[in-house]
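**Q** Just data33.pdb, nothing more (PDB, C-alpha atoms):
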ATOM      1  CA  MET P 462      38.329  28.707  45.575
ATOM      2  CA  GLY P 463      35.398  26.505  44.533
ATOM      3  CA  PRO P 464      31.639  27.002  44.389
ATOM      4  CA  ASP P 465      29.807  27.833  47.602
ATOM      5  CA  ARG P 466      26.537  26.057  48.344
ATOM      6  CA  ARG P 467      25.060  29.107  50.097
ATOM      7  CA  ILE P 468      25.916  31.330  47.143
ATOM      8  CA  ALA P 469      24.340  28.765  44.778
ATOM      9  CA  GLU P 470      21.120  28.736  46.801
ATOM     10  CA  TYR P 471      20.957  32.531  46.788
ATOM     11  CA  ILE P 472      21.583  32.725  43.056
ATOM     12  CA  SER P 473      18.960  30.051  42.300
ATOM     13  CA  ALA P 474      16.390  31.870  44.428
ATOM     14  CA  ASN P 475      16.935  35.261  42.814
ATOM     15  CA  ARG P 476      18.184  34.798  39.254
ATOM     16  CA  GLY P 477      14.626  34.891  37.935
ATOM     17  CA  LYS P 478      14.060  38.314  39.533
ATOM     18  CA  LEU P 479      17.422  40.090  39.412
ATOM     19  CA  THR P 480      20.203  40.516  36.900
ATOM     20  CA  ARG P 481      23.482  38.705  37.259
ATOM     21  CA  GLU P 482      25.263  41.953  38.126
ATOM     22  CA  ALA P 483      22.738  42.819  40.834
ATOM     23  CA  ILE P 484      22.994  39.375  42.433
ATOM     24  CA  THR P 485      26.797  39.511  42.344
ATOM     25  CA  GLN P 486      26.846  42.950  43.963
ATOM     26  CA  GLN P 487      24.493  41.840  46.728
ATOM     27  CA  LEU P 488      26.724  38.834  47.435
ATOM     28  CA  LEU P 489      29.810  41.054  47.568
ATOM     29  CA  ASP P 490      27.991  43.413  49.915
ATOM     30  CA  ALA P 491      27.152  40.393  52.099
ATOM     31  CA  GLY P 492      30.876  39.620  52.431
ATOM     32  CA  TYR P 493      31.398  36.773  49.981
ATOM     33  CA  GLN P 494      34.594  36.592  47.944
ATOM     34  CA  GLN P 495      34.558  37.412  44.212
ATOM     35  CA  GLU P 496      36.365  34.141  43.425
ATOM     36  CA  ALA P 497      33.702  32.077  45.212
ATOM     37  CA  ILE P 498      30.914  33.999  43.501
ATOM     38  CA  ASP P 499      32.463  33.523  40.030
ATOM     39  CA  ALA P 500      33.111  29.815  40.644
ATOM     40  CA  THR P 501      29.500  29.307  41.710
ATOM     41  CA  TRP P 502      28.173  31.131  38.648
ATOM     42  CA  THR P 503      30.390  28.940  36.426
ATOM     43  CA  ALA P 504      29.131  25.776  38.092
ATOM     44  CA  LEU P 505      25.504  26.817  37.698
ATOM     45  CA  ASP P 506      25.953  27.842  34.050
ATOM     46  CA  THR P 507      27.696  24.574  33.045
ATOM     47  CA  PRO P 508      25.078  22.108  31.752
ATOM     48  CA  ASP P 509      25.003  18.697  33.333
ATOM     49  CA  PRO P 510      26.229  16.070  30.797
ATOM     50  CA  ASP P 511      23.520  13.762  32.050
ATOM     51  CA  ASP P 512      20.902  16.261  30.855
ATOM     52  CA  LYS P 513      22.026  15.896  27.217
ATOM     53  CA  ALA P 514      20.766  13.223  24.872
ATOM     54  CA  GLY P 515      24.314  12.136  24.021
ATOM     55  CA  GLU P 516      25.401   9.559  21.463
ATOM     56  CA  GLY P 517      22.995   7.011  22.928
ATOM     57  CA  PHE P 518      20.209   8.962  21.204
ATOM     58  CA  TRP P 519      20.944   7.429  17.813
ATOM     59  CA  GLY P 520      20.556   3.818  18.905
ATOM     60  CA  ARG P 521      17.155   4.504  20.408
ATOM     61  CA  PHE P 522      16.170   6.646  17.428
ATOM     62  CA  TRP P 523      16.960   3.890  14.893
ATOM     63  CA  ILE P 524      14.888   1.367  16.832
ATOM     64  CA  TYR P 525      11.997   3.826  16.973
ATOM     65  CA  LEU P 526      12.275   4.836  13.294
ATOM     66  CA  ILE P 527      12.392   1.270  11.976
ATOM     67  CA  GLY P 528       9.713  -0.009  14.342
ATOM     68  CA  LEU P 529       7.367   2.874  13.513
ATOM     69  CA  ASN P 530       7.584   2.356   9.760
ATOM     70  CA  VAL P 531       7.363  -1.441   9.910
ATOM     71  CA  ALA P 532       4.289  -1.152  12.126
ATOM     72  CA  ALA P 533       2.704   1.347   9.709
ATOM     73  CA  LEU P 534       3.473  -0.888   6.717
ATOM     74  CA  LEU P 535       1.924  -3.965   8.325
ATOM     75  CA  LEU P 536      -1.074  -2.094   9.693
ATOM     76  CA  VAL P 537      -2.006  -0.489   6.362
ATOM     77  CA  SER P 538      -1.217  -3.635   4.351
ATOM     78  CA  PHE P 539      -3.442  -5.893   6.429
ATOM     79  CA  ALA P 540      -6.182  -3.288   6.914
ATOM     80  CA  THR P 541      -6.524  -2.783   3.137
ATOM     81  CA  GLN P 542      -5.850  -6.470   2.291
ATOM     82  CA  MET P 543      -2.724  -5.587   0.310
ATOM     83  CA  ILE P 544      -1.327  -8.579   2.155
ATOM     84  CA  PRO P 545      -1.922 -11.161   0.789
ATOM     85  CA  ASN P 546      -3.938  -9.823  -2.174
ATOM     86  CA  ALA P 547      -1.586  -7.170  -3.570
ATOM     87  CA  THR P 548       1.899  -7.708  -2.205
ATOM     88  CA  GLY P 549       3.377  -5.660  -5.051
ATOM     89  CA  ILE P 550       1.515  -2.559  -3.880
ATOM     90  CA  ALA P 551       2.581  -3.291  -0.308
ATOM     91  CA  ALA P 552       6.200  -3.404  -1.485
ATOM     92  CA  ILE P 553       5.772   0.003  -3.153
ATOM     93  CA  LEU P 554       4.372   1.381   0.110
ATOM     94  CA  GLY P 555       7.423  -0.021   1.894
ATOM     95  CA  VAL P 556       9.743   1.822  -0.496
ATOM     96  CA  ILE P 557       7.857   5.106  -0.039
ATOM     97  CA  LEU P 558       7.956   4.701   3.741
ATOM     98  CA  ALA P 559      11.702   4.085   3.535
ATOM     99  CA  ILE P 560      12.132   7.318   1.561
ATOM    100  CA  GLY P 561      10.070   9.192   4.131
ATOM    101  CA  ALA P 562      12.159   7.684   6.923
ATOM    102  CA  ALA P 563      15.365   8.801   5.187
ATOM    103  CA  ILE P 564      14.027  12.364   4.917
ATOM    104  CA  ALA P 565      13.004  12.324   8.579
ATOM    105  CA  LEU P 566      16.460  11.033   9.510
ATOM    106  CA  GLY P 567      18.081  13.901   7.608
ATOM    107  CA  ILE P 568      15.907  16.502   9.313
ATOM    108  CA  VAL P 569      16.626  15.096  12.762
ATOM    109  CA  ALA P 570      20.357  14.881  12.037
ATOM    110  CA  VAL P 571      20.476  18.568  11.066
ATOM    111  CA  THR P 572      19.254  19.518  14.569
ATOM    112  CA  ARG P 573      22.278  17.708  16.124
ATOM    113  CA  PRO P 574      20.143  15.986  18.760
ATOM    114  CA  THR P 575      23.114  14.601  20.703
ATOM    115  CA  ARG P 576      23.907  18.146  21.816
ATOM    116  CA  LEU P 577      20.338  18.943  22.845
ATOM    117  CA  GLY P 578      18.632  18.304  26.109
ATOM    118  CA  ARG P 579      16.968  14.957  26.583
ATOM    119  CA  GLY P 580      13.432  16.331  26.329
ATOM    120  CA  THR P 581      14.106  18.380  23.209
ATOM    121  CA  ALA P 582      15.936  15.540  21.467
ATOM    122  CA  ILE P 583      13.178  13.056  22.292
ATOM    123  CA  ALA P 584      10.511  15.462  21.040
ATOM    124  CA  ILE P 585      12.301  16.080  17.736
ATOM    125  CA  GLY P 586      13.256  12.433  17.248
ATOM    126  CA  GLY P 587       9.734  11.276  17.994
ATOM    127  CA  ILE P 588       7.582  13.855  16.219
ATOM    128  CA  VAL P 589       9.440  14.309  12.915
ATOM    129  CA  PRO P 590       9.354  10.599  11.849
ATOM    130  CA  LEU P 591       5.798  10.286  13.130
ATOM    131  CA  ILE P 592       4.623  13.127  10.859
ATOM    132  CA  PHE P 593       6.183  11.595   7.727
ATOM    133  CA  THR P 594       4.965   8.092   8.540
ATOM    134  CA  PHE P 595       1.449   9.285   9.321
ATOM    135  CA  LEU P 596       1.180  11.304   6.102
ATOM    136  CA  ILE P 597       2.454   8.471   3.880
ATOM    137  CA  ALA P 598       0.626   5.582   5.545
ATOM    138  CA  GLY P 599      -2.564   7.600   6.010
ATOM    139  CA  SER P 600      -2.648   8.709   2.385
ATOM    140  CA  CYS P 601      -2.062   5.156   1.162
ATOM    141  CA  TYR P 602      -4.804   3.794   3.419
ATOM    142  CA  ALA P 603      -7.288   6.420   2.203
ATOM    143  CA  LEU P 604      -6.397   5.761  -1.441
ATOM    144  CA  MET P 605      -6.630   1.981  -1.183
ATOM    145  CA  SER P 606      -9.858   2.157   0.821
ATOM    146  CA  SER P 607     -11.450   4.262  -1.921
ATOM    147  CA  PHE P 608     -10.978   1.362  -4.358
ATOM    148  CA  GLY P 609     -12.956  -1.030  -2.186
ATOM    149  CA  PRO P 610     -11.836  -4.532  -1.153
ATOM    150  CA  LEU P 611      -8.945  -5.937  -3.152
ATOM    151  CA  PRO P 612      -9.495  -9.286  -4.885
ATOM    152  CA  PRO P 613      -7.108 -12.114  -4.033
ATOM    153  CA  PRO P 614      -4.480 -13.152  -6.589
ATOM    154  CA  ALA P 615      -5.737 -15.102  -9.573
ATOM    155  CA  LEU P 616      -5.353 -18.876  -9.516
ATOM    156  CA  SER P 617      -3.941 -20.932 -12.355
ATOM    157  CA  GLY P 618      -5.743 -23.839 -13.973
ATOM    158  CA  THR P 619      -7.225 -25.032 -17.241
ATOM    159  CA  LEU P 620     -10.188 -24.074 -19.387
ATOM    160  CA  THR P 621     -11.939 -26.146 -22.049
ATOM    161  CA  VAL P 622     -14.300 -24.827 -24.689
ATOM    162  CA  LYS P 623     -16.391 -27.068 -26.968
ATOM    163  CA  VAL P 624     -18.350 -25.632 -29.882
ATOM    164  CA  ASP P 625     -21.002 -27.695 -31.661
ATOM    165  CA  PRO P 626     -21.141 -28.137 -35.453
ATOM    166  CA  PRO P 627     -21.002 -26.569 -37.915
ATOM    167  CA  LEU P 628     -17.979 -24.790 -36.377
ATOM    168  CA  ASP P 629     -17.179 -27.981 -34.450
ATOM    169  CA  LEU P 630     -14.072 -27.236 -32.389
ATOM    170  CA  GLU P 631     -12.632 -28.182 -29.011
ATOM    171  CA  ALA P 632      -9.694 -26.505 -27.261
ATOM    172  CA  THR P 633      -8.066 -26.759 -23.841
ATOM    173  CA  GLY P 634      -5.388 -24.510 -22.408
ATOM    174  CA  PRO P 635      -4.010 -22.641 -19.399
ATOM    175  CA  ALA P 636      -6.463 -20.351 -17.647
ATOM    176  CA  GLY P 637      -6.597 -17.818 -14.866
ATOM    177  CA  CYS P 638      -9.391 -17.790 -12.307
ATOM    178  CA  GLN P 639      -9.924 -14.446 -10.590
ATOM    179  CA  ARG P 640     -11.690 -14.914  -7.272
ATOM    180  CA  PRO P 641     -13.834 -12.102  -5.801
ATOM    181  CA  PRO P 642     -12.956  -9.988  -2.758
ATOM    182  CA  GLU P 643     -14.362 -11.108   0.555
ATOM    183  CA  GLY P 644     -18.112 -10.551   0.691
ATOM    184  CA  GLU P 645     -18.531 -10.330  -3.095
ATOM    185  CA  THR P 646     -19.874 -12.921  -5.546
ATOM    186  CA  TYR P 647     -18.527 -11.825  -8.948
ATOM    187  CA  TYR P 648     -15.597 -13.567 -10.614
ATOM    188  CA  ASN P 649     -14.032 -14.120 -14.007
ATOM    189  CA  VAL P 650     -12.163 -16.861 -15.817
ATOM    190  CA  TYR P 651      -9.956 -16.326 -18.858
ATOM    191  CA  THR P 652      -7.470 -18.088 -21.081
ATOM    192  CA  GLN P 653      -3.880 -17.043 -20.428
ATOM    193  CA  GLY P 654      -3.005 -17.295 -24.106
ATOM    194  CA  PRO P 655      -4.473 -18.507 -27.389
ATOM    195  CA  MET P 656      -5.499 -22.173 -27.385
ATOM    196  CA  ASN P 657      -4.907 -24.276 -30.465
ATOM    197  CA  SER P 658      -7.911 -25.681 -32.280
ATOM    198  CA  SER P 659      -8.875 -26.998 -35.705
ATOM    199  CA  GLU P 660     -10.230 -23.541 -36.570
ATOM    200  CA  GLY P 661      -7.184 -21.591 -35.380
ATOM    201  CA  PRO P 662      -6.289 -19.847 -32.118
ATOM    202  CA  VAL P 663      -9.097 -19.555 -29.567
ATOM    203  CA  ASN P 664      -9.384 -17.086 -26.668
ATOM    204  CA  VAL P 665     -12.137 -17.282 -24.064
ATOM    205  CA  TYR P 666     -13.261 -14.875 -21.355
ATOM    206  CA  VAL P 667     -16.036 -15.587 -18.835
ATOM    207  CA  ASP P 668     -17.348 -12.858 -16.551
ATOM    208  CA  VAL P 669     -19.883 -13.765 -13.865
ATOM    209  CA  PHE P 670     -21.476 -10.759 -12.180
ATOM    210  CA  PRO P 671     -24.837 -10.115 -10.480
ATOM    211  CA  GLN P 672     -26.825  -7.547 -12.435
ATOM    212  CA  THR P 673     -28.548  -6.307  -9.288
ATOM    213  CA  ALA P 674     -27.349  -5.985  -5.704
ATOM    214  CA  GLY P 675     -27.819  -9.332  -4.002
ATOM    215  CA  GLY P 676     -29.019 -10.930  -7.234
ATOM    216  CA  ASP P 677     -27.886 -14.193  -8.764
ATOM    217  CA  PRO P 678     -24.637 -14.108 -10.746
ATOM    218  CA  VAL P 679     -25.201 -13.759 -14.489
ATOM    219  CA  PRO P 680     -22.505 -15.007 -16.899
ATOM    220  CA  ASN P 681     -21.235 -13.076 -19.886
ATOM    221  CA  ILE P 682     -18.831 -14.703 -22.314
ATOM    222  CA  SER P 683     -16.520 -13.805 -25.152
ATOM    223  CA  ILE P 684     -15.021 -16.335 -27.564
ATOM    224  CA  SER P 685     -12.553 -15.241 -30.218
ATOM    225  CA  VAL P 686     -11.645 -17.654 -33.022
ATOM    226  CA  GLY P 687      -8.956 -16.913 -35.583
ATOM    227  CA  ASP P 688      -5.639 -15.101 -35.963
ATOM    228  CA  PRO P 689      -5.765 -11.276 -36.341
ATOM    229  CA  ALA P 690      -2.424 -11.421 -38.159
ATOM    230  CA  GLN P 691      -4.130 -13.404 -40.916
ATOM    231  CA  GLY P 692      -6.974 -10.891 -41.124
ATOM    232  CA  SER P 693      -9.804 -13.253 -40.208
ATOM    233  CA  VAL P 694     -11.340 -13.315 -36.726
ATOM    234  CA  VAL P 695     -14.747 -14.254 -35.412
ATOM    235  CA  ASP P 696     -15.423 -12.650 -32.052
ATOM    236  CA  TYR P 697     -18.524 -14.032 -30.362
ATOM    237  CA  GLN P 698     -19.820 -11.967 -27.435
ATOM    238  CA  SER P 699     -22.898 -12.121 -25.298
ATOM    239  CA  GLN P 700     -24.915  -8.928 -25.205
ATOM    240  CA  ALA P 701     -27.287  -7.500 -22.618
ATOM    241  CA  GLY P 702     -30.772  -8.356 -23.811
ATOM    242  CA  GLY P 703     -29.366 -10.515 -26.606
ATOM    243  CA  VAL P 704     -31.040 -13.517 -28.129
ATOM    244  CA  GLU P 705     -28.395 -15.953 -26.916
ATOM    245  CA  SER P 706     -29.006 -18.317 -24.015
ATOM    246  CA  ILE P 707     -26.295 -18.856 -21.363
ATOM    247  CA  ALA P 708     -26.835 -21.244 -18.453
ATOM    248  CA  LEU P 709     -24.381 -21.387 -15.559
ATOM    249  CA  GLU P 710     -24.166 -24.795 -13.921
ATOM    250  CA  PRO P 711     -25.414 -24.639 -10.310
ATOM    251  CA  GLY P 712     -22.570 -24.620  -7.817
ATOM    252  CA  SER P 713     -20.086 -23.066 -10.231
ATOM    253  CA  THR P 714     -17.453 -20.879  -8.608
ATOM    254  CA  ALA P 715     -14.316 -19.046  -9.634
ATOM    255  CA  THR P 716     -12.251 -22.178  -9.060
ATOM    256  CA  SER P 717     -14.453 -24.784 -10.733
ATOM    257  CA  GLY P 718     -17.530 -24.738 -12.889
ATOM    258  CA  SER P 719     -19.066 -24.848 -16.318
ATOM    259  CA  LEU P 720     -21.721 -23.219 -18.456
ATOM    260  CA  SER P 721     -23.558 -23.892 -21.684
ATOM    261  CA  PHE P 722     -24.383 -21.351 -24.349
ATOM    262  CA  GLU P 723     -26.686 -21.362 -27.361
ATOM    263  CA  GLY P 724     -27.122 -18.935 -30.232
ATOM    264  CA  LEU P 725     -24.077 -16.834 -29.391
ATOM    265  CA  LEU P 726     -23.827 -14.204 -32.113
ATOM    266  CA  PRO P 727     -20.631 -12.862 -33.685
ATOM    267  CA  ALA P 728     -19.588  -9.258 -33.204
ATOM    268  CA  GLU P 729     -17.627  -7.112 -35.625
ATOM    269  CA  SER P 730     -13.935  -6.816 -34.711
ATOM    270  CA  PHE P 731     -11.280  -4.300 -35.719
ATOM    271  CA  ASP P 732      -7.496  -4.292 -35.861
ATOM    272  CA  GLU P 733      -5.245  -1.660 -34.260
ATOM    273  CA  GLN P 734      -5.678   0.614 -37.288
ATOM    274  CA  GLY P 735      -9.459   0.427 -37.050
ATOM    275  CA  ASN P 736      -9.924  -1.810 -40.070
ATOM    276  CA  PRO P 737     -12.662  -4.444 -39.768
ATOM    277  CA  ILE P 738     -11.196  -7.933 -39.411
ATOM    278  CA  GLY P 739     -14.189  -9.762 -37.996
ATOM    279  CA  ARG P 740     -16.877 -11.723 -39.783
ATOM    280  CA  PRO P 741     -20.215 -10.427 -38.455
ATOM    281  CA  ASP P 742     -22.022 -12.617 -40.964
ATOM    282  CA  ALA P 743     -20.751 -15.841 -39.361
ATOM    283  CA  ASP P 744     -23.268 -18.309 -37.969
ATOM    284  CA  PRO P 745     -24.153 -18.183 -34.251
ATOM    285  CA  ILE P 746     -22.550 -20.911 -32.149
ATOM    286  CA  SER P 747     -23.552 -23.181 -29.283
ATOM    287  CA  GLY P 748     -21.482 -25.271 -26.911
ATOM    288  CA  THR P 749     -19.978 -25.464 -23.405
ATOM    289  CA  ILE P 750     -17.161 -23.933 -21.379
ATOM    290  CA  SER P 751     -15.674 -25.573 -18.300
ATOM    291  CA  TRP P 752     -12.807 -24.585 -16.010
ATOM    292  CA  SER P 753     -10.870 -25.781 -13.009
ATOM    293  CA  CYS P 754      -8.227 -23.924 -10.984
ATOM    294  CA  GLU P 755      -6.269 -24.931  -7.910
ATOM    295  CA  SER P 756      -7.555 -23.286  -4.742
TER     296      SER P 756
END
Please go through the file and, once you have read it, give me the structure as structure tokens.
**A**
Amino acid sequence: MGPDRRIAEYISANRGKLTREAITQQLLDAGYQQEAIDATWTALDTPDPDDKAGEGFWGRFWIYLIGLNVAALLLVSFATQMIPNATGIAAILGVILAIGAAIALGIVAVTRPTRLGRGTAIAIGGIVPLIFTFLIAGSCYALMSSFGPLPPPALSGTLTVKVDPPLDLEATGPAGCQRPPEGETYYNVYTQGPMNSSEGPVNVYVDVFPQTAGGDPVPNISISVGDPAQGSVVDYQSQAGGVESIALEPGSTATSGSLSFEGLLPAESFDEQGNPIGRPDADPISGTISWSCES
């Protein structure tokens, strides 16, 4: 004997108020057969397969998990200018997000979502990855935002330095040109390795930075002549309030420009052990520095 619709309606109407035994006894008293009552109880207690998440849960979950983390990676990377200015950091964020996704996957798998109801499985599968993604992406965004705008990658080019007599040297070599972040005006240009000259290896660093907010960029330069391995180096550096004169050519930018300097004084230099290797008694120098990098 199978389930009875009238018994099912009576059970559904009263199971929230009465115990199973009380409902069964009332049905027996009303003249229903025990077999019909038991069959109806069995039918009502058997979950509908359509109410379970089933194996189809995992396909939808993977799409959600991957899409959520890719969206977070792109959103944070573009919002903090990691793309295109710091793709290496963006790659690290991608790895961390992948680790978080793997942990979220493990947690969801432990709950055996295919055996849960649709609503419960969707809630677990949606909330757990969202928590991990939000914590990782949010923390990265806050950290990167605290550093301020990221500068774009440095450009490659060439730099030429000419020093007037009595030192009388000229050197040209590969250079890097570091452009400023959007909205900023500072930049720097530097040799990517020692340049050969008649006086030995030469390294040059140019830093252009406004001394006051909204002020005109002011150049500072450093020129190192000599080989530390041979124990003789002259390191010329501009100093705040120094007697040297440095003039930046109008229109100079991070990618192309030049400057002239006069009376640049030497500074004492030291090796890794702290021993003096510079020649602070050397004569001041004058000359020009020019650079050009591909934009």
**Q** Taking 6 positions as the minimum chain separation for residues in the same chain, which residues sit within 6 Å of P:Pro642 when counting only C-alpha atoms? Answer as JSON, numbers by chain.
**A** {"P": [610, 611, 612]}
**Q** Go ahead and compute the interatomic distance for atom CA of P:Thr541 and atom CA of P:Asp677, in Å to one decimal.
**A** 27.0 Å
**Q** Have a look at P:Ala708, P:Ala743, P:Ala497, P:Met543 and name the one nearest to P:Leu628; count all atoms listed in the file.
**A** P:Ala743
**Q** If the PyMOL selection byres ((chain P and resi 463) around 10) is run on the structure shown, which residues does it catch, given as a list in words?
**A**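 After applying the PyMOL selection byres ((chain P and resi 463) around 10), what remains is Met462, Pro464, Asp465, Arg466, Glu496, Ala497, Ile498, Asp499, Ala500, Thr501, Thr503 and Ala504 of chain P.
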**Q** Give me, as a Markdown table, each residue of stretch 674-731 of chain P that comes within 7 Å of stretch 648-662 of chain P, together with its shortest interatomic pair and the distance in Å at one decimal, counting all atoms listed in the file, with rows ordered by chain and rising residue number.
**A**
| residue | atom | partner | partner_atom | distance |
| --- | --- | --- | --- | --- |
| P:Val686 | CA | P:Pro662 | CA | 5.9 |
| P:Gly687 | CA | P:Gly661 | CA | 5.0 |
| P:Asp688 | CA | P:Pro662 | CA | 6.1 |
| P:Ala715 | CA | P:Tyr648 | CA | 5.7 |
**Q** Using all atoms listed in the file, can you tell me which of P:Ala552, P:Cys638, P:Ala474, P:Ile746 comes closest to P:Ser683?
**A**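 Looking only at the distances to P:Ser683, the closest residue turns out to be P:Ile746.
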**Q** Taking the block above, write stretch 544-565 of chain P with N, CA and C atoms as a PDB file, in the first residue's frame.
**A**
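Saved as out.pdb:
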ATOM      1  N   ILE P 544      49.462  47.200 -12.454  1.00  0.00           N
ATOM      2  CA  ILE P 544      49.466  46.991 -13.895  1.00  0.00           C
ATOM      3  C   ILE P 544      49.238  48.356 -14.535  1.00  0.00           C
ATOM      4  N   PRO P 545      50.208  48.877 -15.294  1.00  0.00           N
ATOM      5  CA  PRO P 545      51.405  48.195 -15.813  1.00  0.00           C
ATOM      6  C   PRO P 545      52.702  48.517 -15.064  1.00  0.00           C
ATOM      7  N   ASN P 546      52.629  49.217 -13.917  1.00  0.00           N
ATOM      8  CA  ASN P 546      53.842  49.750 -13.306  1.00  0.00           C
ATOM      9  C   ASN P 546      54.609  48.759 -12.441  1.00  0.00           C
ATOM     10  N   ALA P 547      53.957  47.730 -11.943  1.00  0.00           N
ATOM     11  CA  ALA P 547      54.638  46.775 -11.061  1.00  0.00           C
ATOM     12  C   ALA P 547      54.027  45.388 -11.268  1.00  0.00           C
ATOM     13  N   THR P 548      54.227  44.851 -12.450  1.00  0.00           N
ATOM     14  CA  THR P 548      53.615  43.568 -12.783  1.00  0.00           C
ATOM     15  C   THR P 548      54.156  42.439 -11.902  1.00  0.00           C
ATOM     16  N   GLY P 549      55.379  42.583 -11.404  1.00  0.00           N
ATOM     17  CA  GLY P 549      55.925  41.564 -10.518  1.00  0.00           C
ATOM     18  C   GLY P 549      55.114  41.456  -9.234  1.00  0.00           C
ATOM     19  N   ILE P 550      54.745  42.601  -8.664  1.00  0.00           N
ATOM     20  CA  ILE P 550      53.929  42.599  -7.451  1.00  0.00           C
ATOM     21  C   ILE P 550      52.548  42.033  -7.751  1.00  0.00           C
ATOM     22  N   ALA P 551      52.005  42.371  -8.920  1.00  0.00           N
ATOM     23  CA  ALA P 551      50.707  41.822  -9.308  1.00  0.00           C
ATOM     24  C   ALA P 551      50.775  40.301  -9.418  1.00  0.00           C
ATOM     25  N   ALA P 552      51.888  39.783  -9.919  1.00  0.00           N
ATOM     26  CA  ALA P 552      52.043  38.329 -10.021  1.00  0.00           C
ATOM     27  C   ALA P 552      52.079  37.691  -8.635  1.00  0.00           C
ATOM     28  N   ILE P 553      52.748  38.354  -7.682  1.00  0.00           N
ATOM     29  CA  ILE P 553      52.784  37.846  -6.307  1.00  0.00           C
ATOM     30  C   ILE P 553      51.374  37.820  -5.715  1.00  0.00           C
ATOM     31  N   LEU P 554      50.607  38.881  -5.968  1.00  0.00           N
ATOM     32  CA  LEU P 554      49.218  38.912  -5.497  1.00  0.00           C
ATOM     33  C   LEU P 554      48.433  37.754  -6.098  1.00  0.00           C
ATOM     34  N   GLY P 555      48.675  37.466  -7.383  1.00  0.00           N
ATOM     35  CA  GLY P 555      47.986  36.352  -8.024  1.00  0.00           C
ATOM     36  C   GLY P 555      48.299  35.028  -7.346  1.00  0.00           C
ATOM     37  N   VAL P 556      49.554  34.832  -6.963  1.00  0.00           N
ATOM     38  CA  VAL P 556      49.945  33.594  -6.275  1.00  0.00           C
ATOM     39  C   VAL P 556      49.258  33.497  -4.917  1.00  0.00           C
ATOM     40  N   ILE P 557      49.230  34.598  -4.175  1.00  0.00           N
ATOM     41  CA  ILE P 557      48.594  34.594  -2.851  1.00  0.00           C
ATOM     42  C   ILE P 557      47.097  34.330  -2.981  1.00  0.00           C
ATOM     43  N   LEU P 558      46.463  34.931  -3.984  1.00  0.00           N
ATOM     44  CA  LEU P 558      45.044  34.672  -4.213  1.00  0.00           C
ATOM     45  C   LEU P 558      44.803  33.210  -4.556  1.00  0.00           C
ATOM     46  N   ALA P 559      45.712  32.620  -5.322  1.00  0.00           N
ATOM     47  CA  ALA P 559      45.572  31.203  -5.675  1.00  0.00           C
ATOM     48  C   ALA P 559      45.668  30.322  -4.429  1.00  0.00           C
ATOM     49  N   ILE P 560      46.579  30.682  -3.509  1.00  0.00           N
ATOM     50  CA  ILE P 560      46.692  29.928  -2.260  1.00  0.00           C
ATOM     51  C   ILE P 560      45.411  30.070  -1.443  1.00  0.00           C
ATOM     52  N   GLY P 561      44.900  31.288  -1.362  1.00  0.00           N
ATOM     53  CA  GLY P 561      43.642  31.495  -0.646  1.00  0.00           C
ATOM     54  C   GLY P 561      42.499  30.725  -1.270  1.00  0.00           C
ATOM     55  N   ALA P 562      42.463  30.661  -2.595  1.00  0.00           N
ATOM     56  CA  ALA P 562      41.416  29.911  -3.285  1.00  0.00           C
ATOM     57  C   ALA P 562      41.528  28.422  -2.987  1.00  0.00           C
ATOM     58  N   ALA P 563      42.766  27.917  -2.912  1.00  0.00           N
ATOM     59  CA  ALA P 563      42.965  26.494  -2.604  1.00  0.00           C
ATOM     60  C   ALA P 563      42.477  26.174  -1.190  1.00  0.00           C
ATOM     61  N   ILE P 564      42.746  27.087  -0.239  1.00  0.00           N
ATOM     62  CA  ILE P 564      42.273  26.878   1.128  1.00  0.00           C
ATOM     63  C   ILE P 564      40.746  26.902   1.172  1.00  0.00           C
ATOM     64  N   ALA P 565      40.155  27.865   0.468  1.00  0.00           N
ATOM     65  CA  ALA P 565      38.694  27.947   0.418  1.00  0.00           C
ATOM     66  C   ALA P 565      38.102  26.689  -0.205  1.00  0.00           C
TER      67      ALA P 565
END
